[in-house]
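Below: structure-v4.txt (compact mmCIF, C-alpha atoms)
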# COMPACT_ATOMS: atom_id res chain seq x y z
CA PHE A 20 0.00 0.00 0.00
CA VAL A 21 2.76 2.47 0.91
CA LEU A 22 4.61 1.62 -2.30
CA GLN A 23 1.43 2.45 -4.25
CA LEU A 24 1.32 5.81 -2.46
CA ILE A 25 4.89 6.48 -3.55
CA GLN A 26 3.97 5.55 -7.11
CA ALA A 27 0.89 7.81 -7.00
CA THR A 28 3.08 10.78 -5.97
CA HIS A 29 5.27 10.26 -9.09
CA LYS A 30 8.32 9.15 -7.09
CA LEU A 31 9.04 6.23 -9.42
CA ARG A 32 12.80 6.33 -8.89
CA PHE A 33 12.36 5.90 -5.16
CA TYR A 34 9.73 3.20 -5.86
CA ALA A 35 12.22 1.29 -8.04
CA SER A 36 14.99 1.76 -5.47
CA MET A 37 12.77 0.19 -2.79
CA LEU A 38 12.20 -2.92 -4.92
CA LEU A 39 15.93 -3.13 -5.63
CA THR A 40 16.74 -2.67 -1.92
CA ARG A 41 14.56 -5.67 -1.03
CA GLN A 42 16.33 -7.90 -3.54
CA ILE A 43 19.79 -6.76 -2.44
CA THR A 44 18.86 -7.40 1.20
CA VAL A 45 17.77 -10.96 0.38
CA VAL A 46 20.96 -11.66 -1.60
CA LEU A 47 23.24 -10.27 1.13
CA LEU A 48 21.52 -12.17 3.95
CA LEU A 49 21.45 -15.42 2.00
CA GLY A 50 25.09 -14.92 1.06
CA SER A 51 26.05 -14.48 4.70
CA PHE A 52 24.79 -17.99 5.48
CA PHE A 53 26.92 -19.50 2.73
CA SER A 54 30.00 -17.37 3.48
CA PHE A 55 30.07 -17.46 7.30
CA PRO A 56 29.61 -20.81 9.09
CA LEU A 57 28.79 -18.97 12.34
CA PHE A 58 25.29 -18.25 11.02
CA GLY A 59 24.58 -21.97 10.65
CA GLU A 60 23.11 -23.83 7.71
CA ILE A 61 20.40 -22.35 5.55
CA ASN A 62 16.91 -23.87 5.77
CA ILE A 63 13.33 -23.04 4.77
CA LYS A 64 12.54 -21.30 8.07
CA LYS A 65 15.56 -18.98 7.75
CA ILE A 66 14.65 -18.17 4.14
CA ILE A 67 11.14 -17.16 5.30
CA TYR A 68 12.67 -14.95 8.01
CA ILE A 69 14.97 -13.31 5.43
CA GLU A 70 12.07 -12.62 3.04
CA SER A 71 9.97 -11.17 5.88
CA LEU A 72 12.86 -8.98 7.05
CA SER A 73 13.40 -7.60 3.55
CA TYR A 74 9.72 -6.60 3.26
CA ALA A 75 9.81 -5.05 6.75
CA LEU A 76 12.88 -3.01 5.77
CA ILE A 77 11.34 -1.46 2.65
CA PHE A 78 8.08 -0.85 4.54
CA LEU A 79 9.92 1.15 7.21
CA LEU A 80 11.96 3.08 4.62
CA ALA A 81 8.79 3.89 2.68
CA ILE A 82 6.97 5.07 5.83
CA VAL A 83 9.88 7.36 6.75
CA TYR A 84 10.00 8.72 3.20
CA LEU A 85 6.25 9.42 3.11
CA ALA A 86 6.29 11.04 6.55
CA ARG A 87 9.11 13.40 5.54
CA ASN A 88 7.89 14.28 2.04
CA LEU A 89 4.09 14.19 2.05
CA ARG A 90 3.44 15.63 5.53
CA ILE A 91 -0.21 14.64 5.44
CA LYS A 92 -2.36 16.03 8.24
CA PHE A 93 -5.57 14.08 8.67
CA ASN A 94 -8.49 15.43 10.75
CA TRP A 95 -11.10 12.77 11.50
CA ARG A 96 -13.64 15.31 12.77
CA LYS A 97 -13.74 17.23 9.50
CA THR A 98 -13.79 14.12 7.31
CA THR A 99 -16.84 13.59 5.08
CA ILE A 100 -17.62 10.55 2.97
CA ASN A 101 -19.04 10.86 -0.53
CA HIS A 102 -21.09 7.68 -0.85
CA SER A 103 -21.28 7.77 -4.66
CA THR A 104 -17.47 8.00 -4.85
CA VAL A 105 -17.09 5.08 -2.43
CA LEU A 106 -19.50 3.02 -4.55
CA ARG A 107 -17.54 3.83 -7.71
CA ILE A 108 -14.29 2.82 -6.00
CA PHE A 109 -15.85 -0.46 -4.85
CA ASN A 110 -17.29 -1.26 -8.29
CA TYR A 111 -13.90 -0.56 -9.86
CA SER A 112 -11.68 -2.34 -7.35
CA CYS A 113 -13.74 -5.41 -6.44
CA PRO A 114 -13.08 -7.16 -9.80
CA VAL A 115 -9.36 -6.38 -9.40
CA PHE A 116 -9.31 -8.38 -6.14
CA ILE A 117 -10.96 -11.25 -8.02
CA ILE A 118 -8.34 -11.06 -10.79
CA VAL A 119 -5.43 -11.15 -8.31
CA THR A 120 -7.00 -14.04 -6.37
CA LEU A 121 -7.56 -16.06 -9.54
CA GLY A 122 -3.95 -15.41 -10.55
CA TYR A 123 -2.66 -16.88 -7.28
CA CYS A 124 -5.08 -19.80 -7.61
CA VAL A 125 -3.60 -20.71 -11.00
CA LEU A 126 -0.05 -20.66 -9.59
CA TRP A 127 -0.91 -23.06 -6.79
CA LEU A 128 -3.42 -25.15 -8.74
CA ASP A 129 -0.78 -26.28 -11.23
CA ASN A 130 1.47 -27.52 -8.41
CA TRP A 131 -1.42 -29.24 -6.62
CA MET A 132 -2.51 -31.08 -9.79
CA ILE A 133 1.08 -32.13 -10.57
CA ARG A 134 1.58 -33.42 -7.01
CA SER A 135 -1.72 -35.33 -7.09
CA SER A 136 -0.97 -36.97 -10.44
CA LEU A 137 2.81 -37.26 -10.62
CA GLY A 138 4.24 -36.83 -7.10
CA PHE A 139 6.53 -34.36 -5.34
CA THR A 140 9.54 -34.93 -7.62
CA ALA A 141 7.58 -33.72 -10.64
CA VAL A 142 6.56 -30.59 -8.70
CA GLY A 143 10.24 -29.71 -8.18
CA GLU A 144 11.06 -30.33 -11.85
CA TYR A 145 8.18 -28.14 -13.04
CA GLU A 146 8.87 -25.42 -10.48
CA SER A 147 12.42 -25.07 -11.76
CA ALA A 148 10.97 -24.14 -15.17
CA ASN A 149 8.24 -22.03 -13.61
CA LYS A 150 10.69 -20.04 -11.46
CA LEU A 151 12.81 -19.15 -14.48
CA ILE A 152 9.64 -18.18 -16.36
CA GLN A 153 8.54 -15.93 -13.47
CA PHE A 154 11.97 -14.31 -13.48
CA THR A 155 11.63 -13.68 -17.24
CA SER A 156 8.06 -12.36 -16.86
CA ASN A 157 9.16 -9.94 -14.15
CA ILE A 158 11.23 -8.11 -16.80
CA ILE A 159 8.04 -6.86 -18.49
CA MET A 160 5.92 -6.22 -15.38
CA PRO A 161 7.30 -2.67 -14.85
CA LEU A 162 5.72 -1.77 -18.21
CA GLY A 163 2.33 -1.99 -16.51
CA ILE A 164 3.54 0.43 -13.83
CA ILE A 165 4.75 2.86 -16.52
CA PHE A 166 1.85 2.74 -18.98
CA PHE A 167 -1.20 2.45 -16.68
CA PRO A 168 -0.80 6.00 -15.22
CA LEU A 169 -0.17 7.28 -18.77
CA MET A 170 -3.41 5.74 -20.05
CA VAL A 171 -5.37 7.23 -17.12
CA ALA A 172 -3.80 10.67 -17.67
CA PHE A 173 -4.41 10.56 -21.43
CA ARG A 174 -8.06 9.59 -20.99
CA HIS A 175 -8.63 12.17 -18.25
CA SER A 176 -7.05 14.90 -20.45
CA GLY A 177 -9.00 13.83 -23.53
CA TYR A 178 -5.94 12.61 -25.46
CA ASN A 179 -7.75 9.58 -26.89
CA ASP A 180 -5.68 9.78 -30.07
CA LEU A 181 -2.55 9.02 -28.03
CA ILE A 182 -4.24 5.96 -26.48
CA ARG A 183 -5.16 4.74 -29.98
CA THR A 184 -1.56 5.34 -31.11
CA PHE A 185 -0.37 3.29 -28.16
CA ALA A 186 -2.67 0.36 -29.07
CA ALA A 187 -2.02 0.52 -32.82
CA LYS A 188 1.73 1.25 -32.87
CA ILE A 189 3.46 1.04 -29.49
CA VAL A 190 2.05 -2.36 -28.45
CA PRO A 191 3.20 -4.04 -31.71
CA GLN A 192 6.64 -2.45 -31.32
CA ILE A 193 7.07 -3.80 -27.79
CA CYS A 194 5.71 -7.23 -28.81
CA LEU A 195 8.25 -7.47 -31.62
CA LEU A 196 11.22 -6.49 -29.43
CA TRP A 197 10.04 -8.75 -26.59
CA GLY A 198 9.69 -11.75 -28.94
CA MET A 199 13.22 -11.22 -30.24
CA ALA A 200 14.57 -10.97 -26.69
CA LEU A 201 12.78 -14.18 -25.66
CA GLY A 202 14.24 -16.02 -28.63
CA GLY A 203 17.72 -14.95 -27.55
CA ILE A 204 17.09 -16.21 -24.00
CA THR A 205 15.60 -19.51 -25.17
CA ILE A 206 18.55 -20.62 -27.30
CA PHE A 207 20.72 -20.40 -24.17
CA SER A 208 18.12 -22.13 -21.97
CA GLU A 209 20.18 -25.29 -21.46
CA PRO A 210 23.27 -23.59 -19.94
CA LEU A 211 20.96 -21.25 -17.98
CA PHE A 212 19.22 -24.24 -16.42
CA VAL A 213 22.50 -25.85 -15.43
CA ILE A 214 23.76 -22.58 -13.87
CA PHE A 215 20.57 -21.90 -11.89
CA PHE A 216 19.42 -25.40 -10.91
CA GLY A 217 22.11 -27.94 -11.78
CA GLU A 218 22.03 -31.06 -13.94
CA LYS A 219 19.38 -32.80 -11.79
CA PHE A 220 16.63 -30.37 -12.83
CA THR A 221 17.15 -30.41 -16.60
CA HIS A 222 13.84 -32.32 -16.87
CA GLY A 223 12.25 -28.87 -16.60
CA LEU A 224 14.08 -27.64 -19.72
CA LEU A 225 11.40 -28.62 -22.27
CA PRO A 226 8.53 -27.12 -20.17
CA PHE A 227 10.54 -23.90 -19.89
CA GLN A 228 11.04 -23.72 -23.66
CA ILE A 229 7.32 -24.30 -24.25
CA LEU A 230 6.32 -21.70 -21.66
CA MET A 231 8.45 -19.07 -23.40
CA THR A 232 5.92 -19.05 -26.25
CA GLY A 233 3.21 -18.27 -23.69
CA VAL A 234 5.28 -15.48 -22.17
CA SER A 235 5.55 -13.87 -25.61
CA PHE A 236 1.74 -13.49 -25.54
CA GLN A 237 1.73 -12.39 -21.90
CA ILE A 238 3.04 -9.01 -23.02
CA LEU A 239 -0.41 -8.35 -24.53
CA SER A 240 -2.05 -8.76 -21.09
CA VAL A 241 0.49 -6.44 -19.46
CA LEU A 242 0.18 -3.68 -22.08
CA HIS A 243 -3.59 -3.78 -22.60
CA THR A 244 -4.41 -3.86 -18.87
CA GLY A 245 -3.75 -0.11 -18.63
CA ILE A 246 -6.26 0.64 -21.41
CA ILE A 247 -8.89 -1.70 -19.94
CA GLN A 248 -8.62 -0.34 -16.40
CA SER A 249 -8.45 3.30 -17.50
CA HIS A 250 -11.79 2.71 -19.26
CA ASP A 251 -13.27 1.18 -16.05
CA GLN A 252 -13.72 -2.24 -17.65
CA THR A 253 -12.43 -4.22 -14.67
CA ILE A 254 -15.53 -6.46 -14.61
CA GLN A 255 -14.84 -7.61 -18.18
CA GLN A 256 -11.19 -8.08 -17.23
CA ALA A 257 -12.25 -10.34 -14.34
CA ILE A 258 -14.51 -12.35 -16.69
CA ASN A 259 -11.62 -12.82 -19.13
CA THR A 260 -9.34 -13.99 -16.32
CA ALA A 261 -11.94 -16.43 -14.96
CA PHE A 262 -12.40 -17.89 -18.45
CA CYS A 263 -8.62 -18.39 -18.77
CA VAL A 264 -8.47 -20.11 -15.37
CA LEU A 265 -11.19 -22.51 -16.57
CA ILE A 266 -9.16 -23.25 -19.72
CA ASN A 267 -6.10 -23.94 -17.55
CA ILE A 268 -7.98 -26.42 -15.32
CA LEU A 269 -9.57 -28.31 -18.22
CA LEU A 270 -6.32 -28.59 -20.18
CA ASN A 271 -4.44 -29.75 -17.06
CA LEU A 272 -7.02 -32.51 -16.53
CA LEU A 273 -6.63 -33.60 -20.16
CA LEU A 274 -2.86 -33.30 -20.60
CA ILE A 275 -1.21 -34.16 -17.26
CA PRO A 276 -2.06 -37.92 -17.34
CA THR A 277 -0.49 -38.26 -20.81
CA TRP A 278 2.24 -35.63 -21.01
CA GLY A 279 3.20 -35.04 -17.36
CA ILE A 280 4.87 -31.71 -16.62
CA THR A 281 5.17 -31.03 -20.36
CA GLY A 282 1.36 -31.16 -20.45
CA VAL A 283 1.22 -28.57 -17.65
CA ALA A 284 3.53 -26.30 -19.66
CA ILE A 285 1.33 -26.69 -22.78
CA SER A 286 -1.76 -25.96 -20.65
CA LYS A 287 -0.26 -22.81 -19.14
CA THR A 288 1.02 -21.64 -22.53
CA CYS A 289 -2.47 -21.99 -24.03
CA THR A 290 -3.86 -20.09 -21.03
CA LEU A 291 -1.38 -17.23 -21.47
CA ILE A 292 -2.17 -17.07 -25.20
CA ALA A 293 -5.93 -16.99 -24.55
CA CYS A 294 -5.53 -14.36 -21.82
CA GLY A 295 -3.36 -12.11 -24.00
CA LEU A 296 -5.76 -12.29 -26.94
CA LEU A 297 -8.85 -11.69 -24.76
CA TYR A 298 -7.23 -8.68 -23.08
CA ALA A 299 -6.28 -7.27 -26.50
CA ARG A 300 -9.83 -7.83 -27.81
CA THR A 301 -11.38 -6.08 -24.79
CA SER A 302 -8.93 -3.18 -25.04
CA LEU A 303 -9.49 -2.62 -28.76
CA HIS A 304 -13.26 -2.85 -28.21
CA CYS A 305 -12.98 -0.02 -25.65
CA LEU A 306 -11.19 2.10 -28.25
CA GLY A 307 -13.45 1.09 -31.14
CA GLN A 308 -10.41 -0.12 -33.10
CA PRO A 309 -10.10 -3.21 -35.30
CA GLY A 310 -7.41 -5.78 -34.58
CA HIS A 311 -3.92 -5.01 -35.91
CA LYS A 312 -2.89 -7.33 -38.77
CA PHE A 313 0.68 -7.23 -37.47
CA PHE A 314 -0.26 -9.70 -34.73
CA VAL A 315 -1.46 -12.26 -37.27
CA TYR A 316 1.89 -12.14 -39.11
CA TRP A 317 4.06 -11.95 -35.99
CA PHE A 318 2.45 -14.55 -33.77
CA LEU A 319 2.53 -17.12 -36.57
CA ALA A 320 6.32 -17.00 -36.10
CA VAL A 321 6.29 -17.02 -32.28
CA PRO A 322 6.49 -20.87 -32.01
CA LEU A 323 9.99 -20.47 -33.50
CA ILE A 324 11.00 -19.30 -29.99
CA THR A 325 10.28 -22.75 -28.54
CA LEU A 326 11.66 -24.53 -31.62
CA ALA A 327 14.91 -22.53 -31.44
CA GLY A 328 15.32 -23.58 -27.81
CA GLN A 329 14.68 -27.21 -28.68
CA LYS A 330 17.16 -27.24 -31.55
CA SER A 331 19.83 -25.49 -29.46
CA THR A 332 19.71 -28.24 -26.81
CA GLY A 333 22.94 -30.15 -27.31
CA ASN A 334 23.75 -28.23 -30.52
CA ILE A 335 23.39 -24.46 -30.34
CA PHE A 336 24.13 -23.97 -34.08
CA TRP A 337 20.62 -24.82 -35.33
CA GLY A 338 19.06 -22.85 -32.50
CA VAL A 339 21.00 -19.74 -33.57
CA ILE A 340 19.94 -20.27 -37.22
CA LEU A 341 16.24 -20.46 -36.24
CA TYR A 342 16.61 -17.41 -34.01
CA LEU A 343 18.18 -15.41 -36.85
CA LEU A 344 15.25 -16.44 -39.06
CA LEU A 345 12.90 -15.13 -36.36
CA VAL A 346 14.74 -11.79 -36.22
CA VAL A 347 14.85 -11.38 -40.02
CA TYR A 348 11.16 -12.27 -40.31
CA GLY A 349 10.31 -9.79 -37.54
CA ILE A 350 12.22 -6.98 -39.28
CA ILE A 351 10.52 -7.73 -42.61
CA VAL A 352 7.05 -7.75 -41.00
CA SER A 353 7.73 -4.54 -39.04
CA LYS A 354 8.84 -2.72 -42.19
CA LYS A 355 5.98 -4.08 -44.31
CA ARG A 356 3.34 -3.15 -41.72
CA GLU A 357 5.13 0.13 -40.83
CA VAL A 358 5.14 -0.79 -37.15
CA PHE A 359 8.02 1.60 -36.35
CA SER A 360 6.59 4.60 -38.18
CA LYS A 361 8.21 7.98 -37.58
CA ASP A 362 5.03 9.54 -36.19
CA SER A 363 4.78 6.89 -33.45
CA TYR A 364 8.12 8.05 -32.00
CA LEU A 365 6.31 11.14 -30.69
CA PHE A 366 4.73 8.87 -28.08
CA TRP A 367 8.14 7.71 -26.80
CA GLU A 368 9.28 11.31 -26.46
CA LYS A 369 6.70 11.75 -23.69
CA ILE A 370 8.44 9.07 -21.58
CA THR A 371 11.46 10.10 -19.50
CA MET A 372 14.56 7.97 -20.16
CA PRO A 373 18.23 8.27 -19.27
CA LYS A 374 20.13 9.82 -22.19
CA PRO A 375 22.18 6.69 -23.06
CA VAL A 376 19.02 4.55 -23.04
CA ARG A 377 17.16 7.04 -25.26
CA ALA A 378 20.09 7.18 -27.69
CA CYS A 379 20.24 3.37 -27.99
CA PHE A 380 16.46 3.13 -28.36
CA LYS A 381 16.41 5.81 -31.05
CA ASN A 382 19.10 4.01 -33.06
CA LEU A 383 17.16 0.74 -32.78
CA PHE A 384 13.94 2.52 -33.75
CA ASN A 385 15.59 4.03 -36.86
CA LEU A 386 16.97 0.61 -37.82
CA LEU A 387 13.53 -1.01 -37.71
CA SER A 388 11.55 1.88 -39.21

In structure tokens, how does this file's structure come out?
Amino acid sequence: FVLQLIQATHKLRFYASMLLTRQITVVLLLGSFFSFPLFGEINIKKIIYIESLSYALIFLLAIVYLARNLRIKFNWRKTTINHSTVLRIFNYSCPVFIIVTLGYCVLWLDNWMIRSSLGFTAVGEYESANKLIQFTSNIIMPLGIIFFPLMVAFRHSGYNDLIRTFAAKIVPQICLLWGMALGGITIFSEPLFVIFFGEKFTHGLLPFQILMTGVSFQILSVLHTGIIQSHDQTIQQAINTAFCVLINILLNLLLIPTWGITGVAISKTCTLIACGLLYARTSLHCLGQPGHKFFVYWFLAVPLITLAGQKSTGNIFWGVILYLLLVVYGIIVSKKREVFSKDSYLFWEKITMPKPVRACFKNLFNLLS
């Protein structure tokens, strides 16, 4: 809650530094157990304590920061409640709680179904893939933090043309770059697995490679959420999420007995694809825009991400060849569909970036335009 207050007051650098502080705290405390025998051996209970301590630390830092910078004085006696505003807040936020709850249910439901059908060993093998997927997904999650306030501000100010530009041009641009990045990660998935989890958990390699195709569609959910929520369509968003959860359960029941943890990965990938497409459909319906033909051309090539990872296992040469084909195809499609048009760069100029980052992005934009 306090982090959301910091975000609402436009202190995004401090917000990011708090998240980084928590991760650094966890790494330092975990490292102390491995480096200094006096602290004893690491176990689950100590890991829980470390995680809790890291959250407590950023909570205290955030409270101190808010107390010093906001200086809010609250008088209970003079407080009045606007019942219509409270009702609007409830109608808007209630579906969001449902969405978050369903998201957690999916995470735990997969593990429960694997344990029930295949045993605890299979849970560990799948979780190794799932953890690496969550780490990869976390790269794109800050985009939601950046673009949601922009969509709200644009709609409030009447800049609907900028929202339409975002949906028609910016989303395809990010999807293209994200797909290329995922392909690069996937071809090195085998050595990554060995580094992070060791040889014993390489059974999770194929599920990870399959899930990467799903993550390429997940970017649609992240980017279109801002448009959906800024247009107060949280109920429809909750319906879409519930439908995707149902797909996940049904596919797990069908695929786990035959395919094991690979079946779970296929199920989750199909769920992520369905969720991304439903979110995009809802978002474009809010704007009264037709679907962008770029997605038809681009997502036909997305399975190359998984195929490149498969071919690079044991022999990275063919994986690199497939990845280069994906990149060349993406560049051809972007130029043919004018995804990186010069006029769309005006949108990026409204986003604050460090000068080196902006320079690199501008060079990449010119290359693909």

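Atom CA of Met37 of chain A is positioned 11.5 Å from atom CA of Ile82 of chain A.
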
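Across the structure, atom CA of Met132 of chain A and atom CA of Ala284 of chain A are spaced 12.5 Å apart.
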
Please provide the set of residues having any atom within 7 Å of segment 264-267 of chain A, restricted to all atoms listed in the file, with same-chain residues fewer than 2 positions apart removed, written as a ChimeraX atom specification.
-> /A:125,260-262,269-271,286-287,290

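Atom CA of Val142 of chain A to atom CA of Ile280 of chain A spans 8.2 Å [interatomic distance, one decimal].
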
Near segment 231-234 of chain A, counting all atoms listed in the file, which residues have an atom at most 7 Å away, once you skip same-chain residues fewer than 4 positions from it, shown as a PyMOL selection string?
-> chain A and resi 156+201+227+238+288-289+291-292+321-322+324-325

As lines of an AutoDock Vina configuration file: centre and edge lengths in Å, one decimal, of the axis-aligned box holding segment 277-292 of chain A with 5 Å per side:
center_x = 0.7
center_y = -27.7
center_z = -20.9
size_x = 19.0
size_y = 31.2
size_z = 18.6

Across A:Gly295, A:Gly217, A:Gly198, A:Gly245, the smallest distance to Phe167 of chain A, with all atoms listed in the file counted, is shown by A:Gly245

Please identify all polymer residues within 12 Å of Lys188 of chain A, counting only C-alpha atoms, omitting same-chain residues fewer than 3 positions from it, and present them as a count of residues only.
-> 31

Selection: 12 Å around Gly163 of chain A, all atoms listed in the file, excl. self and same-chain fewer than 4 positions, as a PyMOL selection string | chain A and resi 156-159+167-170+190+237-248

Choose the residue, out of A:Ile204, A:Leu24, A:Leu306, A:Ile335, that has the smallest atom-to-atom separation from Gln252 of chain A; count all atoms listed in the file.
-> A:Leu306

Residue among A:Tyr178, A:Phe109, A:Phe33, A:Tyr145 lying closest to Gly279 of chain A, counting all atoms listed in the file |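 Of A:Tyr178, A:Phe109, A:Phe33, A:Tyr145, the one nearest Gly279 of chain A, counting all atoms listed in the file, is A:Tyr145.
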
Taking (2.4, -33.2, -8.9) in the file's coordinates, which residues come within 10 Å, counting only C-alpha atoms, written as a ChimeraX atom specification?
-> /A:128-145,275,279-280,283

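The closest residue to Tyr111 of chain A, picked from A:Thr253, A:Asn149, A:Asn385, A:Ser302 and counting only C-alpha atoms, is A:Thr253.
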
Would you mind telling me which residue in A:Ser73, A:Asn334, A:Asn88, A:Ser103 lies nearest to Leu48 of chain A when using all atoms listed in the file?
->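 The closest residue to Leu48 of chain A is A:Ser73.
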
Starting from the incomplete input, reconstruct N, CA, C and O atoms of segment 159-178 of chain A and write that as a compact mmCIF listing (two decimals), in the coordinates of the input.
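Result went into part.txt, see below:
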# COMPACT_ATOMS: atom_id res chain seq x y z
N ILE A 159 9.03 -7.70 -17.80
CA ILE A 159 8.04 -6.86 -18.49
C ILE A 159 7.00 -6.25 -17.54
O ILE A 159 6.25 -5.36 -17.94
N MET A 160 6.93 -6.73 -16.30
CA MET A 160 5.92 -6.22 -15.38
C MET A 160 6.02 -4.71 -15.11
O MET A 160 5.00 -4.04 -14.95
N PRO A 161 7.24 -4.12 -15.05
CA PRO A 161 7.30 -2.67 -14.85
C PRO A 161 6.62 -1.87 -15.96
O PRO A 161 6.26 -0.71 -15.75
N LEU A 162 6.42 -2.48 -17.14
CA LEU A 162 5.72 -1.77 -18.21
C LEU A 162 4.30 -1.41 -17.80
O LEU A 162 3.77 -0.36 -18.19
N GLY A 163 3.67 -2.30 -17.02
CA GLY A 163 2.33 -1.99 -16.51
C GLY A 163 2.35 -0.79 -15.58
O GLY A 163 1.44 0.06 -15.62
N ILE A 164 3.40 -0.70 -14.75
CA ILE A 164 3.54 0.43 -13.83
C ILE A 164 3.75 1.74 -14.59
O ILE A 164 3.25 2.80 -14.21
N ILE A 165 4.45 1.66 -15.73
CA ILE A 165 4.75 2.86 -16.52
C ILE A 165 3.52 3.31 -17.32
O ILE A 165 3.16 4.49 -17.32
N PHE A 166 2.88 2.36 -18.01
CA PHE A 166 1.85 2.74 -18.98
C PHE A 166 0.46 2.93 -18.38
O PHE A 166 -0.34 3.69 -18.95
N PHE A 167 0.14 2.27 -17.25
CA PHE A 167 -1.20 2.45 -16.68
C PHE A 167 -1.47 3.91 -16.29
O PHE A 167 -2.50 4.48 -16.67
N PRO A 168 -0.56 4.58 -15.53
CA PRO A 168 -0.80 6.00 -15.22
C PRO A 168 -0.89 6.86 -16.48
O PRO A 168 -1.66 7.83 -16.52
N LEU A 169 -0.11 6.52 -17.52
CA LEU A 169 -0.17 7.28 -18.77
C LEU A 169 -1.55 7.17 -19.42
O LEU A 169 -2.12 8.16 -19.88
N MET A 170 -2.09 5.94 -19.44
CA MET A 170 -3.41 5.74 -20.05
C MET A 170 -4.49 6.51 -19.29
O MET A 170 -5.38 7.11 -19.88
N VAL A 171 -4.39 6.49 -17.95
CA VAL A 171 -5.37 7.23 -17.12
C VAL A 171 -5.26 8.73 -17.38
O VAL A 171 -6.27 9.42 -17.56
N ALA A 172 -4.01 9.23 -17.43
CA ALA A 172 -3.80 10.67 -17.67
C ALA A 172 -4.28 11.08 -19.05
O ALA A 172 -4.92 12.13 -19.22
N PHE A 173 -3.98 10.25 -20.06
CA PHE A 173 -4.41 10.56 -21.43
C PHE A 173 -5.94 10.60 -21.53
O PHE A 173 -6.50 11.50 -22.15
N ARG A 174 -6.60 9.62 -20.90
CA ARG A 174 -8.06 9.59 -20.99
C ARG A 174 -8.67 10.77 -20.22
O ARG A 174 -9.63 11.39 -20.67
N HIS A 175 -8.11 11.06 -19.05
CA HIS A 175 -8.63 12.17 -18.25
C HIS A 175 -8.45 13.51 -18.97
O HIS A 175 -9.30 14.40 -18.88
N SER A 176 -7.35 13.64 -19.73
CA SER A 176 -7.05 14.90 -20.45
C SER A 176 -7.69 14.95 -21.83
O SER A 176 -7.56 15.96 -22.53
N GLY A 177 -8.34 13.85 -22.22
CA GLY A 177 -9.00 13.83 -23.53
C GLY A 177 -8.09 13.51 -24.68
O GLY A 177 -8.44 13.73 -25.85
N TYR A 178 -6.88 12.96 -24.39
CA TYR A 178 -5.94 12.61 -25.46
C TYR A 178 -6.19 11.18 -25.94
O TYR A 178 -5.32 10.31 -25.89
